[in-house]
Amino acid sequence: MDSYLIQVNGRGDHAPMLDVHLKTNGNSISLGKVKGRKPRWAVRASEMSKKTFNPVRAIVDSMKVEPNPKKAMISLSLGDPTVFGNLPTNDEVTLAVKEVLDSGRYNGYAPSVGYQSCREAVAEYYNCPEAPLKAQDVILTSGCSQAIELALAVLANPGQNILVPRPGFSLYKTLALSMGIEVKLYNLLPEKGWEIDLEHLESLVDEKTACLIVNNPSNPCGSVFSKGHLQKILAVASRQCVPILADEIYGDMVFADCKYEPIATLSTNVPILSCGGLAKRWLVPGWRMGWILIHDRRDIFGNEIRDGLLRLSQRILGPCTIVQGALERILQRTPPEFYHNTLSMLKSNADLCYAALSAIPGLQPVRPAGAMYLMVEIEMEHFPEFENDVEFTERLISEQSVFCLPATCFEYPNFFRVVITVPAEMILEACSRIQEFCEMHYQGAEGAQEECDK
């Protein structure tokens with residue numbers, strides 16, 4: 001009988017050696033010393049992290065340009081209403097959090113979908129006969145961004161696709177691609193106040209389409225869809241049996257001459273996950289309080305989507321409990337004049353900005369109807385020395401110290417986005433500098449043709 005003997009030798013700081021002897025028919029044959037496996041570090045980033053890509057950060061971080069040192073920087077790029085201190089939240093909102101903090105009753109874990117009483121408060125705030133809500137229809141999340149992430153994760157599998165507006169909020173694509181979900185971009189029409197190109201939208205639907213994202217009011221456009229247009233969007237979703245993910249974080253942030261219609265109030269048969277939060281209307285984006293409202297009167301989602309949202313919410317065990325505890329008071333006691341004053345200031349700034357930019361040769365702003373943004377078309381044929389909107393906005397920074405976000409960030413080249421939450425005097429100063437910049441570089445039809453012929 002053959003026998004095998006493997007002897008392990010090793011001492012001190014030397015790697016173990018395998019001293020291998022093979023006995024065959026009583027004869028011992030030495031195969032020598034074979035060095036054993038030496039462990040080594042091999043830490044790699046996950047595939048999900050490699051697929052995660054934020055186009056805004058990628059474009060902005062690559063804009064390695066210094067502002068003009070002779071002019072103070074004016075940033076019209078960041079959608080954070082708190083930056084300049086001219087839009088503080090209401091005292092009732094602050095007091096609500098202070099009371100909760102002092103009570104000491106909200107320092108522990110909450111259910112992953114949120115406290116029942118807090119879900120009831122949100123349901124009561126948004127409940128209406130056209131779109132009834134109960135506490136079980138509300139999932140509290142860590143900001144509206146997480147609400148969108150959970151909604152995407154529960155509706156779409158890797159390999160499926162979602163329909164996303166162009167121009168549109170870049171986070172949709174960032175989240176989807178990290179999950180292995182394909183993004184199909186449907187067009188918005190600037191000449192129609194950024195309405196959806198419904199024919200193009202419907203042409204993109206196929207058997208792998210998991211949901212349609214509708215952002216109203218819009219970031220980056222500042223547009224607000226009419227009731228009639230929303231009904232046409234719902235008709236497409238109904239015909240194609242595609243659920244809607246409604247990003248309504250700017251809900252009710254519309255100017256006085258316009259009316260906001262929550263999309264769920266206009267349909268009884270299209271299932272909708274509506275995402276919102278405190279960030280914009282209450283001017284507290286850093287508090288990270290959002291929610292998903294489940295509208296499913298035909299029971300198309302059924303228990304499966306609700307159970308899926310529950311399981312997904314357990315990944316981070318819910319949003320901040322302090323802010324949850326303050327929700328009921330925030331929703332019930334914030335005075336109407338606070339909302340009115342915020343919108344009056346935004347409308348005034350929008351009008352100032354639109355009028356000033358409309359007078360500048362080579363620019364075509366699109367009048368906003370809500371939210372906090374305004375989009376401006378660059379007539380690139382009159383600025384032949386710039387290849388695209390990114391180069392245009394880079395030079396605007398270096399020459400005038402005004403930072404507007406190139407709309408390439410939103411998949412819409414040759415436009416830029418202006419944030420209108422800055423103080424009015426800064427809006428006017430920024431527009432004055434933009435005018436000086438454009439007058440310096442603008443070329444009429446003949447000059448532009450000469451430049452192209454070079």
# chains A, B, ... in the order shown; residues from 1 in each chain; ligands from 1
call {"tool": "residues_around", "arguments": {"residues": "range 265-272 of chain A", "least_positions_apart": "6", "cutoff": "6 Å", "atoms": "only C-alpha atoms", "output": "list in words"}}
result
Glu130, Ala131, Ser238, Pro243, Ile244, Leu245, His295, Asp296 and Arg298 of chain A
call {"tool": "residues_around", "arguments": {"residues": "range 248-253 of chain A", "least_positions_apart": "4", "cutoff": "9 Å", "atoms": "only C-alpha atoms", "output": "PDB file with N, CA and C atoms, in the first residue's frame"}}
result
ATOM      1  N   CYS A 144     -35.250  63.443   0.633  1.00  0.00           N
ATOM      2  CA  CYS A 144     -35.936  63.031  -0.588  1.00  0.00           C
ATOM      3  C   CYS A 144     -35.036  62.186  -1.471  1.00  0.00           C
ATOM      4  N   VAL A 214     -41.254  61.455 -13.129  1.00  0.00           N
ATOM      5  CA  VAL A 214     -41.835  62.764 -13.447  1.00  0.00           C
ATOM      6  C   VAL A 214     -41.425  63.737 -12.350  1.00  0.00           C
ATOM      7  N   ASN A 215     -40.664  64.765 -12.719  1.00  0.00           N
ATOM      8  CA  ASN A 215     -40.195  65.761 -11.758  1.00  0.00           C
ATOM      9  C   ASN A 215     -40.976  67.058 -11.969  1.00  0.00           C
ATOM     10  N   ASN A 216     -41.831  67.385 -11.008  1.00  0.00           N
ATOM     11  CA  ASN A 216     -42.697  68.559 -11.133  1.00  0.00           C
ATOM     12  C   ASN A 216     -43.005  69.109  -9.741  1.00  0.00           C
ATOM     13  N   PRO A 217     -42.714  70.421  -9.517  1.00  0.00           N
ATOM     14  CA  PRO A 217     -41.929  71.365 -10.313  1.00  0.00           C
ATOM     15  C   PRO A 217     -40.504  70.867 -10.553  1.00  0.00           C
ATOM     16  N   SER A 218     -39.866  71.436 -11.573  1.00  0.00           N
ATOM     17  CA  SER A 218     -38.642  70.835 -12.103  1.00  0.00           C
ATOM     18  C   SER A 218     -37.353  71.473 -11.594  1.00  0.00           C
ATOM     19  N   ASN A 219     -36.408  70.613 -11.280  1.00  0.00           N
ATOM     20  CA  ASN A 219     -34.997  70.955 -11.180  1.00  0.00           C
ATOM     21  C   ASN A 219     -34.331  70.240 -12.358  1.00  0.00           C
ATOM     22  N   LYS A 259     -50.497  77.161 -10.742  1.00  0.00           N
ATOM     23  CA  LYS A 259     -51.105  76.238  -9.764  1.00  0.00           C
ATOM     24  C   LYS A 259     -50.389  74.900  -9.830  1.00  0.00           C
ATOM     25  N   TYR A 260     -50.035  74.386  -8.664  1.00  0.00           N
ATOM     26  CA  TYR A 260     -49.382  73.077  -8.578  1.00  0.00           C
ATOM     27  C   TYR A 260     -50.424  71.987  -8.371  1.00  0.00           C
ATOM     28  N   GLU A 261     -50.338  70.941  -9.167  1.00  0.00           N
ATOM     29  CA  GLU A 261     -51.241  69.797  -9.059  1.00  0.00           C
ATOM     30  C   GLU A 261     -50.422  68.546  -8.732  1.00  0.00           C
ATOM     31  N   PRO A 262     -50.540  67.977  -7.523  1.00  0.00           N
ATOM     32  CA  PRO A 262     -49.882  66.695  -7.282  1.00  0.00           C
ATOM     33  C   PRO A 262     -50.403  65.663  -8.282  1.00  0.00           C
ATOM     34  N   ILE A 263     -49.523  64.952  -8.936  1.00  0.00           N
ATOM     35  CA  ILE A 263     -49.949  64.094 -10.040  1.00  0.00           C
ATOM     36  C   ILE A 263     -50.908  62.997  -9.573  1.00  0.00           C
ATOM     37  N   SER A 274     -44.840  58.879  -4.763  1.00  0.00           N
ATOM     38  CA  SER A 274     -44.506  60.303  -4.743  1.00  0.00           C
ATOM     39  C   SER A 274     -43.455  60.574  -3.673  1.00  0.00           C
ATOM     40  N   CYS A 275     -42.350  61.194  -4.085  1.00  0.00           N
ATOM     41  CA  CYS A 275     -41.235  61.468  -3.168  1.00  0.00           C
ATOM     42  C   CYS A 275     -41.187  62.956  -2.830  1.00  0.00           C
ATOM     43  N   GLY A 276     -41.083  63.256  -1.544  1.00  0.00           N
ATOM     44  CA  GLY A 276     -41.020  64.641  -1.101  1.00  0.00           C
ATOM     45  C   GLY A 276     -40.207  64.751   0.170  1.00  0.00           C
ATOM     46  N   GLY A 277     -40.325  65.905   0.836  1.00  0.00           N
ATOM     47  CA  GLY A 277     -39.568  66.083   2.069  1.00  0.00           C
ATOM     48  C   GLY A 277     -39.606  67.525   2.553  1.00  0.00           C
ATOM     49  N   LEU A 278     -38.878  67.782   3.641  1.00  0.00           N
ATOM     50  CA  LEU A 278     -38.839  69.109   4.240  1.00  0.00           C
ATOM     51  C   LEU A 278     -37.867  70.062   3.550  1.00  0.00           C
ATOM     52  N   ALA A 279     -36.914  69.528   2.798  1.00  0.00           N
ATOM     53  CA  ALA A 279     -35.733  70.268   2.376  1.00  0.00           C
ATOM     54  C   ALA A 279     -36.014  71.636   1.776  1.00  0.00           C
ATOM     55  N   LYS A 280     -36.869  71.703   0.783  1.00  0.00           N
ATOM     56  CA  LYS A 280     -36.991  72.931   0.011  1.00  0.00           C
ATOM     57  C   LYS A 280     -38.113  73.842   0.513  1.00  0.00           C
ATOM     58  N   ARG A 281     -39.300  73.313   0.681  1.00  0.00           N
ATOM     59  CA  ARG A 281     -40.410  74.179   1.077  1.00  0.00           C
ATOM     60  C   ARG A 281     -40.197  74.752   2.482  1.00  0.00           C
ATOM     61  N   GLY A 290     -37.286  63.059   4.531  1.00  0.00           N
ATOM     62  CA  GLY A 290     -38.074  62.890   3.322  1.00  0.00           C
ATOM     63  C   GLY A 290     -39.139  61.834   3.524  1.00  0.00           C
ATOM     64  N   TYR A 339     -44.662  80.513   3.878  1.00  0.00           N
ATOM     65  CA  TYR A 339     -44.610  80.009   2.503  1.00  0.00           C
ATOM     66  C   TYR A 339     -44.787  81.148   1.508  1.00  0.00           C
ATOM     67  N   THR A 342     -41.641  83.335   1.206  1.00  0.00           N
ATOM     68  CA  THR A 342     -40.575  82.640   0.470  1.00  0.00           C
ATOM     69  C   THR A 342     -40.840  82.700  -1.027  1.00  0.00           C
ATOM     70  N   LEU A 343     -42.069  82.393  -1.411  1.00  0.00           N
ATOM     71  CA  LEU A 343     -42.403  82.378  -2.828  1.00  0.00           C
ATOM     72  C   LEU A 343     -42.379  83.780  -3.437  1.00  0.00           C
ATOM     73  N   GLY A 370     -41.767  78.196 -10.997  1.00  0.00           N
ATOM     74  CA  GLY A 370     -41.674  77.728  -9.625  1.00  0.00           C
ATOM     75  C   GLY A 370     -40.305  77.179  -9.326  1.00  0.00           C
ATOM     76  N   ALA A 371     -40.200  76.451  -8.213  1.00  0.00           N
ATOM     77  CA  ALA A 371     -38.921  75.900  -7.716  1.00  0.00           C
ATOM     78  C   ALA A 371     -37.922  77.028  -7.494  1.00  0.00           C
ATOM     79  N   MET A 372     -36.622  76.774  -7.736  1.00  0.00           N
ATOM     80  CA  MET A 372     -35.602  77.755  -7.377  1.00  0.00           C
ATOM     81  C   MET A 372     -34.607  77.987  -8.514  1.00  0.00           C
TER      82      MET A 372
END
call {"tool": "closest_residue", "arguments": {"among": "A:Cys409, A:Leu396, A:Leu76, A:Met440", "to": "Pro423 in chain A", "atoms": "only C-alpha atoms"}}
result
A:Leu76
call {"tool": "closest_residue", "arguments": {"among": "A:Leu310, A:Val224, A:Cys118, A:Leu133", "to": "Glu195 in chain A", "atoms": "only C-alpha atoms"}}
result
A:Val224
call {"tool": "atom_distance", "arguments": {"atom1": "CA of Leu177 in chain A", "atom2": "CA of Pro158 in chain A"}}
result
8.9 Å
call {"tool": "closest_atom_pairs", "arguments": {"of": "range 278-356 of chain A", "to": "range 147-154 of chain A", "cutoff": "6 Å", "atoms": "only C-alpha atoms", "output": "CSV"}}
result
residue,atom,partner,partner_atom,distance
A:Trp291,CA,A:Ala147,CA,5.8
A:Ile292,CA,A:Ala147,CA,5.8
A:Gly308,CA,A:Val154,CA,5.9
call {"tool": "residues_around", "arguments": {"residues": "Val93 in chain A", "least_positions_apart": "5", "cutoff": "8 Å", "atoms": "only C-alpha atoms", "output": "PyMOL selection string"}}
result
chain A and resi 282+326+329-330+334
call {"tool": "residues_around", "arguments": {"residues": "Glu394 in chain A", "least_positions_apart": "3", "cutoff": "7 Å", "atoms": "only C-alpha atoms", "output": "PyMOL selection string"}}
result
chain A and resi 63+65+390-391+397-398
call {"tool": "select_by_dssp", "arguments": {"residues": "range 190-422 of chain A", "states": "strand (DSSP E or B)", "output": "PyMOL selection string"}}
result
chain A and resi 195-196+209-215+244-247+254+272-277+290-295+363-366+370+373-378+402-403+405-406+415-419
call {"tool": "write_last_selection", "arguments": {"atoms": "N, CA and C atoms", "output": "compact mmCIF listing (two decimals), in the first residue's frame"}}
result
# COMPACT_ATOMS: atom_id res chain seq x y z
N GLU A 195 -42.43 71.48 -21.23
CA GLU A 195 -43.35 70.34 -21.22
C GLU A 195 -42.64 69.11 -21.78
N ILE A 196 -43.18 67.92 -21.46
CA ILE A 196 -42.60 66.67 -21.95
C ILE A 196 -42.98 66.47 -23.42
N THR A 209 -39.16 48.35 -19.37
CA THR A 209 -39.34 49.64 -18.68
C THR A 209 -40.01 49.42 -17.33
N ALA A 210 -39.32 49.84 -16.26
CA ALA A 210 -39.81 49.60 -14.90
C ALA A 210 -40.60 50.76 -14.33
N CYS A 211 -40.25 51.99 -14.71
CA CYS A 211 -41.00 53.14 -14.21
C CYS A 211 -40.66 54.39 -14.99
N LEU A 212 -41.52 55.38 -14.84
CA LEU A 212 -41.36 56.69 -15.44
C LEU A 212 -41.15 57.71 -14.32
N ILE A 213 -40.06 58.48 -14.39
CA ILE A 213 -39.82 59.53 -13.40
C ILE A 213 -40.40 60.84 -13.93
N VAL A 214 -41.25 61.46 -13.13
CA VAL A 214 -41.84 62.76 -13.45
C VAL A 214 -41.42 63.74 -12.35
N ASN A 215 -40.66 64.76 -12.72
CA ASN A 215 -40.20 65.76 -11.76
C ASN A 215 -40.98 67.06 -11.97
N ILE A 244 -45.41 55.33 -12.02
CA ILE A 244 -44.73 56.63 -11.99
C ILE A 244 -44.02 56.82 -10.66
N LEU A 245 -42.78 57.28 -10.75
CA LEU A 245 -42.04 57.78 -9.60
C LEU A 245 -42.10 59.30 -9.72
N ALA A 246 -42.85 59.94 -8.84
CA ALA A 246 -43.04 61.39 -8.91
C ALA A 246 -42.10 62.07 -7.92
N ASP A 247 -41.13 62.82 -8.46
CA ASP A 247 -40.25 63.62 -7.61
C ASP A 247 -40.93 64.98 -7.42
N VAL A 254 -44.58 77.11 -6.10
CA VAL A 254 -44.92 77.67 -7.41
C VAL A 254 -45.34 79.13 -7.22
N ILE A 272 -48.54 55.22 -8.20
CA ILE A 272 -47.55 56.30 -8.10
C ILE A 272 -46.84 56.23 -6.75
N LEU A 273 -45.52 56.35 -6.79
CA LEU A 273 -44.73 56.60 -5.58
C LEU A 273 -44.28 58.05 -5.64
N SER A 274 -44.84 58.88 -4.76
CA SER A 274 -44.51 60.30 -4.74
C SER A 274 -43.46 60.57 -3.67
N CYS A 275 -42.35 61.19 -4.08
CA CYS A 275 -41.24 61.47 -3.17
C CYS A 275 -41.19 62.96 -2.83
N GLY A 276 -41.08 63.26 -1.54
CA GLY A 276 -41.02 64.64 -1.10
C GLY A 276 -40.21 64.75 0.17
N GLY A 277 -40.32 65.91 0.84
CA GLY A 277 -39.57 66.08 2.07
C GLY A 277 -39.61 67.52 2.55
N GLY A 290 -37.29 63.06 4.53
CA GLY A 290 -38.07 62.89 3.32
C GLY A 290 -39.14 61.83 3.52
N TRP A 291 -39.91 61.58 2.46
CA TRP A 291 -40.96 60.56 2.55
C TRP A 291 -41.36 60.06 1.18
N ILE A 292 -41.90 58.85 1.18
CA ILE A 292 -42.55 58.29 0.01
C ILE A 292 -44.04 58.17 0.33
N LEU A 293 -44.87 58.68 -0.56
CA LEU A 293 -46.32 58.53 -0.44
C LEU A 293 -46.77 57.50 -1.47
N ILE A 294 -47.42 56.45 -1.01
CA ILE A 294 -47.84 55.35 -1.88
C ILE A 294 -49.28 55.57 -2.31
N HIS A 295 -49.47 55.81 -3.61
CA HIS A 295 -50.81 56.00 -4.17
C HIS A 295 -51.11 54.79 -5.07
N LEU A 363 -28.13 85.35 -25.32
CA LEU A 363 -28.74 84.52 -24.28
C LEU A 363 -30.25 84.49 -24.44
N GLN A 364 -30.85 83.34 -24.15
CA GLN A 364 -32.30 83.18 -24.22
C GLN A 364 -32.78 82.45 -22.96
N PRO A 365 -33.10 83.20 -21.90
CA PRO A 365 -33.62 82.54 -20.69
C PRO A 365 -35.04 82.02 -20.92
N VAL A 366 -35.39 80.95 -20.20
CA VAL A 366 -36.75 80.41 -20.24
C VAL A 366 -37.41 80.77 -18.92
N GLY A 370 -41.77 78.20 -11.00
CA GLY A 370 -41.67 77.73 -9.63
C GLY A 370 -40.30 77.18 -9.33
N TYR A 373 -35.04 77.72 -9.76
CA TYR A 373 -34.07 77.70 -10.85
C TYR A 373 -34.61 78.38 -12.09
N LEU A 374 -33.65 78.73 -12.97
CA LEU A 374 -33.96 79.30 -14.25
C LEU A 374 -32.92 78.78 -15.24
N MET A 375 -33.38 78.32 -16.40
CA MET A 375 -32.47 77.81 -17.43
C MET A 375 -32.28 78.85 -18.52
N VAL A 376 -31.04 78.94 -19.02
CA VAL A 376 -30.68 79.96 -20.01
C VAL A 376 -29.99 79.28 -21.19
N GLU A 377 -30.53 79.53 -22.39
CA GLU A 377 -29.89 79.00 -23.59
C GLU A 377 -28.77 79.93 -24.04
N ILE A 378 -27.64 79.33 -24.41
CA ILE A 378 -26.52 80.08 -24.98
C ILE A 378 -26.58 79.89 -26.49
N VAL A 402 -18.38 84.66 -11.66
CA VAL A 402 -19.78 84.25 -11.56
C VAL A 402 -19.86 82.78 -11.95
N PHE A 403 -20.41 81.96 -11.05
CA PHE A 403 -20.45 80.52 -11.28
C PHE A 403 -21.89 80.07 -11.52
N LEU A 405 -24.11 76.79 -13.35
CA LEU A 405 -23.87 75.38 -13.64
C LEU A 405 -24.14 75.09 -15.12
N PRO A 406 -23.14 74.56 -15.84
CA PRO A 406 -23.39 74.20 -17.24
C PRO A 406 -24.42 73.10 -17.32
N PHE A 415 -26.87 75.14 -22.57
CA PHE A 415 -27.67 75.93 -21.62
C PHE A 415 -26.85 76.05 -20.34
N PHE A 416 -27.24 76.95 -19.46
CA PHE A 416 -26.73 76.92 -18.09
C PHE A 416 -27.87 77.20 -17.12
N ARG A 417 -27.71 76.73 -15.87
CA ARG A 417 -28.73 76.89 -14.84
C ARG A 417 -28.33 77.96 -13.85
N VAL A 418 -29.29 78.80 -13.49
CA VAL A 418 -29.09 79.84 -12.49
C VAL A 418 -29.96 79.51 -11.28
N VAL A 419 -29.38 79.57 -10.08
CA VAL A 419 -30.14 79.42 -8.83
C VAL A 419 -30.60 80.80 -8.39
call {"tool": "closest_residue", "arguments": {"among": "A:Gln231, A:Gln332, A:Asn161, A:Ser223", "to": "Trp194 in chain A", "atoms": "only C-alpha atoms"}}
result
A:Ser223
call {"tool": "atom_distance", "arguments": {"atom1": "CA of Ser401 in chain A", "atom2": "CA of Pro67 in chain A"}}
result
4.7 Å
call {"tool": "closest_residue", "arguments": {"among": "A:Gly114, A:Pro88, A:Pro39, A:Pro129", "to": "Gly325 in chain A", "atoms": "only C-alpha atoms"}}
result
A:Gly114
call {"tool": "select_by_dssp", "arguments": {"residues": "range 223-451 of chain A", "states": "alpha helix (DSSP H)", "output": "PyMOL selection string"}}
result
chain A and resi 227-240+302-313+321-333+336-358+389-400+424-441+445-451
